[in-house]
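So this one's entry-v2.tsv, TSV, C-alpha atoms:
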chain	number	residue	atom	x	y	z
S	430	MET	CA	18.17	-74.02	-19.51
S	431	GLY	CA	16.03	-77.08	-18.71
S	432	PHE	CA	16.19	-79.08	-15.46
S	433	GLU	CA	17.61	-82.21	-17.14
S	434	SER	CA	20.50	-80.38	-18.78
S	435	HIS	CA	21.62	-78.38	-15.76
S	436	VAL	CA	24.88	-80.02	-14.64
S	437	TYR	CA	24.70	-78.76	-11.06
S	438	VAL	CA	21.12	-79.89	-10.53
S	439	GLU	CA	21.83	-83.27	-12.08
S	440	THR	CA	24.96	-83.71	-9.99
S	441	GLY	CA	22.86	-83.03	-6.89
S	442	LEU	CA	20.35	-85.65	-8.07
S	443	LEU	CA	23.21	-88.06	-8.73
S	444	ASN	CA	24.56	-87.52	-5.22
S	445	MET	CA	21.12	-88.19	-3.73
S	446	TYR	CA	20.87	-91.54	-5.55
S	447	VAL	CA	24.42	-92.53	-4.57
S	448	GLU	CA	23.85	-91.66	-0.90
S	449	SER	CA	20.57	-93.59	-0.80
S	450	GLY	CA	22.04	-96.66	-2.48
S	451	GLY	CA	20.07	-96.31	-5.71
S	452	LEU	CA	22.90	-97.60	-7.87
S	453	ALA	CA	20.79	-98.34	-10.95
S	454	GLU	CA	19.27	-94.86	-10.84
S	455	CYS	CA	22.58	-93.07	-10.33
S	456	LYS	CA	24.17	-94.99	-13.23
S	457	LYS	CA	21.24	-94.00	-15.46
S	458	VAL	CA	21.48	-90.32	-14.47
S	459	PHE	CA	25.25	-90.32	-14.96
S	460	ASP	CA	25.10	-91.98	-18.39
S	461	GLU	CA	22.41	-89.59	-19.62
S	462	MET	CA	24.11	-86.40	-18.47
S	463	PRO	CA	25.17	-84.42	-21.57
S	464	GLU	CA	27.74	-82.50	-19.55
S	465	LYS	CA	29.82	-83.60	-16.55
S	466	ASN	CA	32.15	-81.53	-14.41
S	467	PRO	CA	34.85	-82.83	-11.99
S	468	VAL	CA	32.37	-82.76	-9.10
S	469	THR	CA	30.03	-85.03	-11.07
S	470	TRP	CA	32.79	-87.58	-11.68
S	471	ASN	CA	33.94	-87.46	-8.05
S	472	VAL	CA	30.43	-87.91	-6.68
S	473	MET	CA	30.01	-91.01	-8.83
S	474	ILE	CA	33.46	-92.51	-8.24
S	475	THR	CA	33.66	-91.95	-4.48
S	476	GLY	CA	30.03	-92.96	-3.99
S	477	LEU	CA	30.49	-96.23	-5.87
S	478	ALA	CA	33.74	-96.96	-4.03
S	479	LYS	CA	32.07	-96.46	-0.64
S	480	ARG	CA	29.23	-98.76	-1.70
S	481	GLY	CA	31.66	-101.54	-2.61
S	482	GLU	CA	31.22	-101.14	-6.38
S	483	ILE	CA	34.98	-100.86	-6.63
S	484	GLU	CA	35.45	-102.30	-10.15
S	485	PHE	CA	32.94	-99.95	-11.74
S	486	ALA	CA	34.38	-97.05	-9.72
S	487	ARG	CA	37.84	-97.90	-11.08
S	488	PHE	CA	36.45	-98.10	-14.63
S	489	LEU	CA	35.05	-94.56	-14.31
S	490	PHE	CA	38.22	-93.38	-12.56
S	491	GLU	CA	40.32	-94.44	-15.55
S	492	LYS	CA	37.88	-92.69	-17.93
S	493	MET	CA	37.77	-89.44	-15.94
S	494	PRO	CA	39.26	-86.63	-18.06
S	495	ASP	CA	40.86	-84.58	-15.28
S	496	ARG	CA	41.44	-86.63	-12.13
S	497	ASN	CA	42.09	-84.63	-8.96
S	498	ILE	CA	43.04	-85.44	-5.37
S	499	VAL	CA	39.40	-86.18	-4.47
S	500	SER	CA	39.22	-88.85	-7.19
S	501	TRP	CA	42.50	-90.48	-6.12
S	502	SER	CA	41.63	-90.37	-2.42
S	503	GLY	CA	38.15	-91.80	-3.04
S	504	MET	CA	39.55	-94.77	-4.95
S	505	ILE	CA	42.31	-95.44	-2.41
S	506	ASP	CA	39.77	-95.31	0.41
S	507	GLY	CA	37.48	-97.64	-1.54
S	508	TYR	CA	40.19	-100.26	-1.98
S	509	THR	CA	41.06	-100.05	1.71
S	510	ARG	CA	37.40	-100.50	2.69
S	511	MET	CA	37.25	-103.60	0.46
S	512	ASN	CA	40.41	-105.02	2.08
S	513	GLN	CA	42.27	-104.73	-1.21
S	514	TYR	CA	45.30	-103.22	0.45
S	515	ARG	CA	47.90	-103.81	-2.26
S	516	GLU	CA	45.61	-102.24	-4.86
S	517	ALA	CA	45.27	-99.21	-2.58
S	518	LEU	CA	49.02	-98.99	-2.12
S	519	GLY	CA	49.68	-99.41	-5.85
S	520	LEU	CA	47.27	-96.59	-6.65
S	521	PHE	CA	48.88	-94.37	-4.00
S	522	ARG	CA	52.32	-94.94	-5.55
S	523	ARG	CA	50.96	-94.24	-9.04
S	524	MET	CA	49.40	-91.02	-7.80
S	525	VAL	CA	52.69	-89.79	-6.36
S	526	ALA	CA	54.55	-90.84	-9.52
S	527	ASP	CA	52.03	-88.86	-11.59
S	528	GLY	CA	52.90	-85.75	-9.61
S	529	VAL	CA	49.64	-85.53	-7.68
S	530	GLU	CA	50.28	-84.42	-4.11
S	531	PRO	CA	48.38	-86.44	-1.48
S	532	SER	CA	46.30	-84.57	1.05
S	533	GLU	CA	45.84	-85.42	4.73
S	534	ILE	CA	42.70	-87.33	3.73
S	535	THR	CA	44.67	-89.43	1.24
S	536	VAL	CA	47.28	-90.34	3.85
S	537	LEU	CA	44.58	-91.26	6.38
S	538	ALA	CA	43.05	-93.52	3.72
S	539	ILE	CA	46.31	-95.32	2.88
S	540	LEU	CA	47.61	-95.93	6.43
S	541	PRO	CA	45.18	-98.82	7.16
S	542	ALA	CA	46.52	-100.52	4.03
S	543	ALA	CA	50.06	-100.10	5.38
S	544	TRP	CA	49.36	-101.77	8.72
S	545	ASN	CA	47.25	-104.52	7.19
S	546	ILE	CA	50.16	-105.40	4.90
S	547	GLY	CA	52.36	-105.13	8.00
S	548	ASP	CA	55.41	-103.57	6.34
S	549	VAL	CA	56.89	-100.90	8.58
S	550	ARG	CA	58.90	-99.53	5.65
S	551	ILE	CA	55.67	-98.43	3.99
S	552	CYS	CA	54.68	-96.64	7.18
S	553	GLN	CA	58.10	-94.96	7.39
S	554	SER	CA	57.84	-93.85	3.77
S	555	ILE	CA	54.38	-92.32	4.28
S	556	HIS	CA	55.55	-90.76	7.56
S	557	GLY	CA	58.54	-89.18	5.79
S	558	TYR	CA	56.36	-87.82	3.02
S	559	GLY	CA	53.96	-86.36	5.56
S	560	GLU	CA	56.80	-84.62	7.38
S	561	LYS	CA	58.00	-83.01	4.16
S	562	ARG	CA	54.50	-81.72	3.50
S	563	GLY	CA	54.03	-80.56	7.09
S	564	PHE	CA	50.90	-82.67	7.65
S	565	HIS	CA	51.90	-83.71	11.16
S	566	VAL	CA	51.94	-80.19	12.45
S	567	SER	CA	48.40	-79.46	11.37
S	568	ASP	CA	46.44	-82.71	11.70
S	569	ILE	CA	46.30	-84.62	14.99
S	570	ARG	CA	44.18	-87.32	13.30
S	571	LEU	CA	47.13	-88.15	11.08
S	572	MET	CA	49.55	-88.22	14.02
S	573	ASN	CA	47.28	-90.54	16.00
S	574	SER	CA	46.88	-92.81	12.99
S	575	LEU	CA	50.66	-93.03	12.61
S	576	ILE	CA	51.03	-94.15	16.25
S	577	ASP	CA	48.49	-96.88	15.58
S	578	THR	CA	50.08	-97.87	12.25
S	579	TYR	CA	53.62	-98.15	13.64
S	580	ALA	CA	52.35	-100.36	16.48
S	581	LYS	CA	50.35	-102.61	14.14
S	582	CYS	CA	53.40	-102.94	11.87
S	583	GLY	CA	55.27	-104.33	14.89
S	584	CYS	CA	57.37	-101.26	15.67
S	585	ILE	CA	56.31	-100.18	19.17
S	586	VAL	CA	59.53	-98.19	19.63
S	587	SER	CA	58.66	-95.95	16.68
S	588	ALA	CA	55.05	-95.65	17.87
S	589	SER	CA	56.16	-94.57	21.35
S	590	ARG	CA	58.83	-92.21	20.06
S	591	PHE	CA	56.42	-90.53	17.64
S	592	PHE	CA	53.90	-90.05	20.47
S	593	GLU	CA	56.57	-88.31	22.55
S	594	GLU	CA	57.40	-86.02	19.62
S	595	ILE	CA	53.84	-84.68	19.52
S	596	SER	CA	53.62	-81.42	21.44
S	597	ALA	CA	51.58	-81.45	24.66
S	598	ASP	CA	49.11	-78.89	23.33
S	599	MET	CA	48.43	-81.06	20.24
S	600	LYS	CA	47.89	-84.39	22.02
S	601	ASN	CA	44.29	-85.39	22.66
S	602	LEU	CA	42.57	-88.35	24.32
S	603	VAL	CA	42.81	-90.39	21.12
S	604	SER	CA	46.61	-89.90	21.19
S	605	TRP	CA	46.84	-91.33	24.70
S	606	THR	CA	44.40	-94.14	23.93
S	607	SER	CA	46.41	-95.06	20.81
S	608	LEU	CA	49.61	-95.26	22.87
S	609	ILE	CA	47.99	-97.37	25.61
S	610	SER	CA	46.42	-99.71	23.05
S	611	SER	CA	49.76	-99.99	21.24
S	612	PHE	CA	51.49	-101.15	24.42
S	613	ALA	CA	48.62	-103.58	25.03
S	614	MET	CA	48.96	-105.11	21.58
S	615	HIS	CA	52.66	-105.75	22.26
S	616	GLY	CA	52.06	-107.31	25.68
S	617	MET	CA	53.66	-104.37	27.49
S	618	GLY	CA	51.24	-104.13	30.40
S	619	LYS	CA	53.50	-102.16	32.71
S	620	GLU	CA	54.13	-99.45	30.10
S	621	ALA	CA	50.41	-99.23	29.31
S	622	VAL	CA	49.53	-98.79	32.99
S	623	GLU	CA	52.22	-96.13	33.43
S	624	SER	CA	50.93	-94.28	30.33
S	625	PHE	CA	47.36	-94.39	31.67
S	626	GLU	CA	48.47	-92.93	35.01
S	627	ARG	CA	50.54	-90.27	33.27
S	628	MET	CA	47.53	-89.38	31.10
S	629	GLU	CA	45.39	-88.88	34.20
S	630	GLN	CA	48.10	-86.73	35.81
S	631	GLU	CA	48.03	-84.47	32.77
S	632	GLY	CA	44.30	-83.94	33.25
S	633	TRP	CA	42.82	-86.22	30.61
S	634	LYS	CA	39.62	-88.11	31.43
S	635	PRO	CA	39.62	-91.65	29.96
S	636	ASN	CA	36.63	-92.93	28.01
S	637	ARG	CA	35.40	-96.50	27.52
S	638	VAL	CA	37.83	-97.10	24.63
S	639	THR	CA	40.77	-96.05	26.80
S	640	PHE	CA	39.66	-98.52	29.46
S	641	VAL	CA	39.41	-101.34	26.90
S	642	GLY	CA	43.04	-100.58	26.02
S	643	VAL	CA	44.37	-100.62	29.57
S	644	LEU	CA	42.30	-103.68	30.58
S	645	ASN	CA	43.57	-105.52	27.52
S	646	ALA	CA	47.11	-104.55	28.50
S	647	CYS	CA	46.61	-105.87	32.02
S	648	SER	CA	45.26	-109.10	30.57
S	649	HIS	CA	48.21	-109.67	28.25
S	650	GLY	CA	50.65	-108.60	30.95
S	651	CYS	CA	49.01	-110.81	33.63
S	652	LEU	CA	48.52	-107.74	35.82
S	653	VAL	CA	45.36	-109.03	37.45
S	654	GLU	CA	45.16	-106.83	40.53
S	655	GLU	CA	45.89	-103.72	38.48
S	656	GLY	CA	43.23	-104.74	35.98
S	657	LEU	CA	40.62	-105.26	38.68
S	658	LYS	CA	41.45	-101.81	40.11
S	659	PHE	CA	41.04	-100.20	36.68
S	660	PHE	CA	37.68	-101.92	36.20
S	661	LYS	CA	36.46	-100.59	39.56
S	662	LYS	CA	37.85	-97.14	38.75
S	663	MET	CA	35.96	-97.13	35.45
S	664	VAL	CA	32.66	-98.02	37.12
S	665	ASN	CA	32.92	-96.10	40.39
S	666	GLU	CA	35.06	-93.05	39.62
S	667	TYR	CA	34.26	-92.40	35.96
S	668	GLN	CA	30.70	-93.76	36.01
S	669	ILE	CA	31.21	-95.74	32.80
S	670	THR	CA	28.91	-98.73	32.36
S	671	PRO	CA	30.97	-101.74	31.22
S	672	ASP	CA	30.21	-103.22	27.82
S	673	ILE	CA	31.00	-106.66	26.42
S	674	LYS	CA	34.58	-105.69	25.54
S	675	HIS	CA	35.37	-104.68	29.12
S	676	TYR	CA	33.89	-107.90	30.47
S	677	GLY	CA	35.77	-109.88	27.84
S	678	CYS	CA	39.08	-108.35	28.92
S	679	LEU	CA	38.26	-109.17	32.55
S	680	VAL	CA	37.38	-112.80	31.80
S	681	ASP	CA	40.51	-113.16	29.66
S	682	MET	CA	42.69	-111.64	32.37
S	683	LEU	CA	41.36	-113.94	35.10
S	684	GLY	CA	41.39	-116.97	32.80
S	685	ARG	CA	45.01	-116.48	31.76
S	686	THR	CA	46.11	-116.57	35.40
S	687	GLY	CA	44.06	-119.63	36.34
S	688	ARG	CA	41.39	-117.80	38.33
S	689	LEU	CA	38.69	-119.67	36.46
S	690	GLU	CA	35.97	-119.54	39.11
S	691	GLU	CA	36.19	-115.75	39.24
S	692	ALA	CA	36.19	-115.59	35.44
S	693	GLU	CA	33.08	-117.77	35.26
S	694	LYS	CA	31.35	-115.62	37.85
S	695	ILE	CA	32.06	-112.51	35.76
S	696	ALA	CA	30.77	-114.22	32.60
S	697	LEU	CA	27.57	-115.27	34.38
S	698	SER	CA	27.02	-111.72	35.64
S	699	ILE	CA	26.84	-110.23	32.14
S	700	ARG	CA	23.33	-109.13	31.24
S	701	HIS	CA	21.56	-111.55	28.91
S	702	GLU	CA	21.00	-108.97	26.17
S	703	MET	CA	24.72	-108.12	26.18
S	704	ALA	CA	26.20	-111.62	26.50
S	705	ASN	CA	27.70	-113.33	23.46
S	706	GLU	CA	29.62	-116.49	22.65
S	707	VAL	CA	33.00	-114.77	22.39
S	708	VAL	CA	33.33	-114.26	26.16
S	709	TRP	CA	32.45	-117.90	26.77
S	710	ARG	CA	34.97	-119.01	24.14
S	711	ILE	CA	37.67	-117.05	25.95
S	712	LEU	CA	36.80	-118.94	29.12
S	713	LEU	CA	36.67	-122.27	27.26
S	714	GLY	CA	40.20	-121.63	26.05
S	715	ALA	CA	41.31	-121.10	29.64
S	716	CYS	CA	39.55	-124.33	30.69
S	717	ASN	CA	41.50	-126.15	27.99
S	718	PHE	CA	44.80	-124.63	29.12
S	719	TYR	CA	44.24	-125.53	32.77
S	720	GLY	CA	42.45	-128.83	32.11
S	721	ASN	CA	39.24	-127.92	33.95
S	722	VAL	CA	36.81	-130.47	32.54
S	723	GLU	CA	33.75	-129.70	34.65
S	724	MET	CA	33.81	-126.01	33.93
S	725	GLY	CA	34.61	-126.73	30.30
S	726	GLU	CA	31.39	-128.72	30.01
S	727	ARG	CA	29.37	-125.91	31.62
S	728	VAL	CA	30.95	-123.32	29.39
S	729	THR	CA	30.38	-125.40	26.26
S	730	ALA	CA	26.71	-125.73	27.20
S	731	LYS	CA	26.48	-121.93	27.44
S	732	ILE	CA	28.10	-121.53	24.03
S	733	MET	CA	25.69	-124.05	22.49
S	734	GLU	CA	22.76	-121.99	23.75
S	735	ILE	CA	24.01	-119.11	21.60
S	736	GLU	CA	25.89	-120.66	18.66
S	737	ARG	CA	26.11	-124.30	17.52
S	738	GLY	CA	27.72	-123.88	14.13
S	739	TYR	CA	31.34	-123.12	15.02
S	740	GLY	CA	33.45	-126.27	14.87
S	741	GLY	CA	36.24	-124.85	16.99
S	742	ASP	CA	34.06	-125.08	20.10
S	743	TYR	CA	33.55	-128.81	19.62
S	744	VAL	CA	37.23	-129.39	18.89
S	745	LEU	CA	38.29	-127.54	22.02
S	746	MET	CA	35.84	-129.41	24.26
S	747	SER	CA	36.89	-132.69	22.67
S	748	ASN	CA	40.52	-131.86	23.46
S	749	ILE	CA	39.65	-131.05	27.09
S	750	LEU	CA	37.91	-134.42	27.47
S	751	ALA	CA	40.71	-136.30	25.76
S	752	GLY	CA	43.25	-134.60	28.03
S	753	ALA	CA	41.34	-135.97	31.02
S	754	GLY	CA	41.35	-139.49	29.56
S	755	ARG	CA	37.68	-139.42	28.58
S	756	PHE	CA	38.32	-140.56	25.01
S	757	GLY	CA	34.83	-141.94	24.43
S	758	ASP	CA	33.22	-138.64	25.39
S	759	ALA	CA	35.75	-136.79	23.25
S	760	GLN	CA	34.79	-138.91	20.26
S	761	SER	CA	31.09	-138.29	20.96
S	762	VAL	CA	31.67	-134.53	20.79
S	763	ARG	CA	33.42	-134.94	17.43
S	764	ILE	CA	30.51	-137.00	16.10
S	765	LEU	CA	28.06	-134.35	17.31
S	766	MET	CA	30.09	-131.71	15.46
S	767	ASP	CA	29.74	-133.69	12.22
S	768	GLU	CA	26.03	-134.29	12.78
S	769	ARG	CA	25.44	-130.57	13.21
S	770	ASN	CA	27.59	-129.75	10.17
S	771	ALA	CA	29.63	-127.40	12.32
S	772	ILE	CA	32.54	-125.90	10.42
S	773	LYS	CA	35.82	-124.40	11.51
S	774	VAL	CA	35.75	-120.71	10.70
S	775	PRO	CA	37.93	-117.78	11.85
S	776	GLY	CA	37.03	-116.82	15.42
S	777	SER	CA	35.72	-113.46	16.57
S	778	SER	CA	37.73	-110.95	18.57
S	779	LEU	CA	36.59	-108.55	21.23
S	780	THR	CA	39.40	-106.09	20.63
Once more with this new file: its structure as structure tokens, please.
Amino acid sequence: MGFESHVYVETGLLNMYVESGGLAECKKVFDEMPEKNPVTWNVMITGLAKRGEIEFARFLFEKMPDRNIVSWSGMIDGYTRMNQYREALGLFRRMVADGVEPSEITVLAILPAAWNIGDVRICQSIHGYGEKRGFHVSDIRLMNSLIDTYAKCGCIVSASRFFEEISADMKNLVSWTSLISSFAMHGMGKEAVESFERMEQEGWKPNRVTFVGVLNACSHGCLVEEGLKFFKKMVNEYQITPDIKHYGCLVDMLGRTGRLEEAEKIALSIRHEMANEVVWRILLGACNFYGNVEMGERVTAKIMEIERGYGGDYVLMSNILAGAGRFGDAQSVRILMDERNAIKVPGSSLT
């Protein structure tokens, strides 16, 4: 049998082109293959979906003679990656209706669609299905994802309760971090701090993501002293070098409580190669809230050194000036925004 006609060899070649991003080449190989097996179809469909070629992937998916769980999961994951959450959910429902049983991988792929839509009933339905199949007992990744999904759907009670239902020998650091971050997202600083301390008592060593969660919780809960202690603990006890997210949480925490000078000092201490405009925007928001014009001007100057194209910065500084009665200066900032063609776009987030 010749090289070109060997389905396994050609599937391997197809996979190589898909992985390397050679879409034209992989389409050519696929079209010219005289024989295709399920692996061939799955390589093409999942590869295209991962590369964002979701429409062509769906076209092949519908043509595939014998779709299996890999095909369904690949398409669902592709839609989720492309932020087409309702398409992902519709395909998941069709799969179940067609009698195809989802795997753990399928459920992990559909959960982000559930929390992006924000409907807790979808999460409950997937959770119930997973329990019937026994997924939760065997896959801690799925359990951790459910904690996160319940919290992002607005149901912190269910997230917390599900965490407590996980056996102690199954919980891992991601489980604890998910719980702490869930409390943070709901402004429950006290509960997040208590969970962090309980985690340490049970022998778990936090990582930098865990510290982002607890610092964020302290920020939203206005627990400044606790937050400062956690930051020092991270650096001194756990020898973790802070990154921009940790500094951002610290600036936000100090800014929310009016400790603007301390927040500015922290922002100025960030290494130049790490610094970005998001931290300064957090501080600018605090200057606006507390009406600190002088610092607002300094902070705006820092932002302009990094990014001049975001209209929200000009609007905020203009509002600060107008609030202080400096209407002429406020108007000048607005004119400058127009001259620079700055546009209002969605802001960035550290967490």
Spatial neighbours of stretch 504-511 of chain S, max dist 12 Å, all atoms listed in the file, sep filter under 6 positions, as number ranges by chain
S: 470-491, 496-498, 517-524, 531, 534-546
Interatomic distance, atom CA of S:Pro671 to atom CA of S:Gly618 (Å, one decimal):
20.4 Å
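The shortest atom-to-atom distance to S:Val622, with all atoms listed in the file taken into account, belongs to S:Cys647 out of S:Val436, S:Val641, S:Cys647, S:Val653.
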Within 9 Å of S:Glu693 using only C-alpha atoms, minus same-chain residues under 6 positions, as a list in words
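With the cut-off at 9 Å, the set is Val680, Gly684, Trp709, Leu712, Met724 and Val728 of chain S.
Computed from the coordinates, the atom CA of S:Val762 to atom CA of S:Leu750 distance equals 9.1 Å.
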Neighbours of stretch 734-743 of chain S within 8 Å (all atoms listed in the file; same-chain residues fewer than 4 positions away dropped), as a ChimeraX atom specification?
/S:705-706,710,729-730,747,762-763,766,769-774
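For the pair atom CA of S:Met462 and atom CA of S:Ser502, the separation is 24.1 Å.
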Residue with smallest distance to S:Arg727 - pool S:Leu697, S:Val707, S:Met614, S:Val447, counting only C-alpha atoms:
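The shortest atom-to-atom distance to S:Arg727 comes from S:Leu697.
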Which one is closest to S:Lys465: S:Ile711, S:Val438, S:Leu765, S:Met445? Count all atoms listed in the file.
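Of S:Ile711, S:Val438, S:Leu765, S:Met445, the one nearest S:Lys465 is S:Val438, counting all atoms listed in the file.
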Taking (52.4, -106.4, 21.3) in the file's coordinates, which residues come within 10 Å, counting only C-alpha atoms, written as a ChimeraX atom specification?
/S:580-581,583-585,610-618,646,649
Select, from S:Ile569, S:Asp681, S:Lys731, S:Ala759, the residue with the minimum atom-to-atom distance to S:His701, counting all atoms listed in the file.
S:Lys731
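Among the candidates S:Lys600, S:Asn665, S:Trp501, S:Leu679, the residue lying nearest to S:Gly528 is S:Trp501 (atoms considered: all atoms listed in the file).
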Near-stretch 591-593 of chain S list (12 Å; only C-alpha atoms; drop same-chain fewer than 6 positions) as a PyMOL selection string:
chain S and resi 553+556+560+565+569+571-580+584-585+599-601+603-609+611+624
What does the file look like for those residues with C-alpha atoms, as a short mmCIF file (atom, residue, chain, number, x, y, z; two decimals), keeping the file's coordinate frame?
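Output (part-v2.cif):
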data_model
loop_
_atom_site.label_atom_id
_atom_site.label_comp_id
_atom_site.auth_asym_id
_atom_site.auth_seq_id
_atom_site.Cartn_x
_atom_site.Cartn_y
_atom_site.Cartn_z
CA GLN S 553 58.10 -94.96 7.39
CA HIS S 556 55.55 -90.76 7.56
CA GLU S 560 56.80 -84.62 7.38
CA HIS S 565 51.90 -83.71 11.16
CA ILE S 569 46.30 -84.62 14.99
CA LEU S 571 47.13 -88.15 11.08
CA MET S 572 49.55 -88.22 14.02
CA ASN S 573 47.28 -90.54 16.00
CA SER S 574 46.88 -92.81 12.99
CA LEU S 575 50.66 -93.03 12.61
CA ILE S 576 51.03 -94.15 16.25
CA ASP S 577 48.49 -96.88 15.58
CA THR S 578 50.08 -97.87 12.25
CA TYR S 579 53.62 -98.15 13.64
CA ALA S 580 52.35 -100.36 16.48
CA CYS S 584 57.37 -101.26 15.67
CA ILE S 585 56.31 -100.18 19.17
CA MET S 599 48.43 -81.06 20.24
CA LYS S 600 47.89 -84.39 22.02
CA ASN S 601 44.29 -85.39 22.66
CA VAL S 603 42.81 -90.39 21.12
CA SER S 604 46.61 -89.90 21.19
CA TRP S 605 46.84 -91.33 24.70
CA THR S 606 44.40 -94.14 23.93
CA SER S 607 46.41 -95.06 20.81
CA LEU S 608 49.61 -95.26 22.87
CA ILE S 609 47.99 -97.37 25.61
CA SER S 611 49.76 -99.99 21.24
CA SER S 624 50.93 -94.28 30.33
#
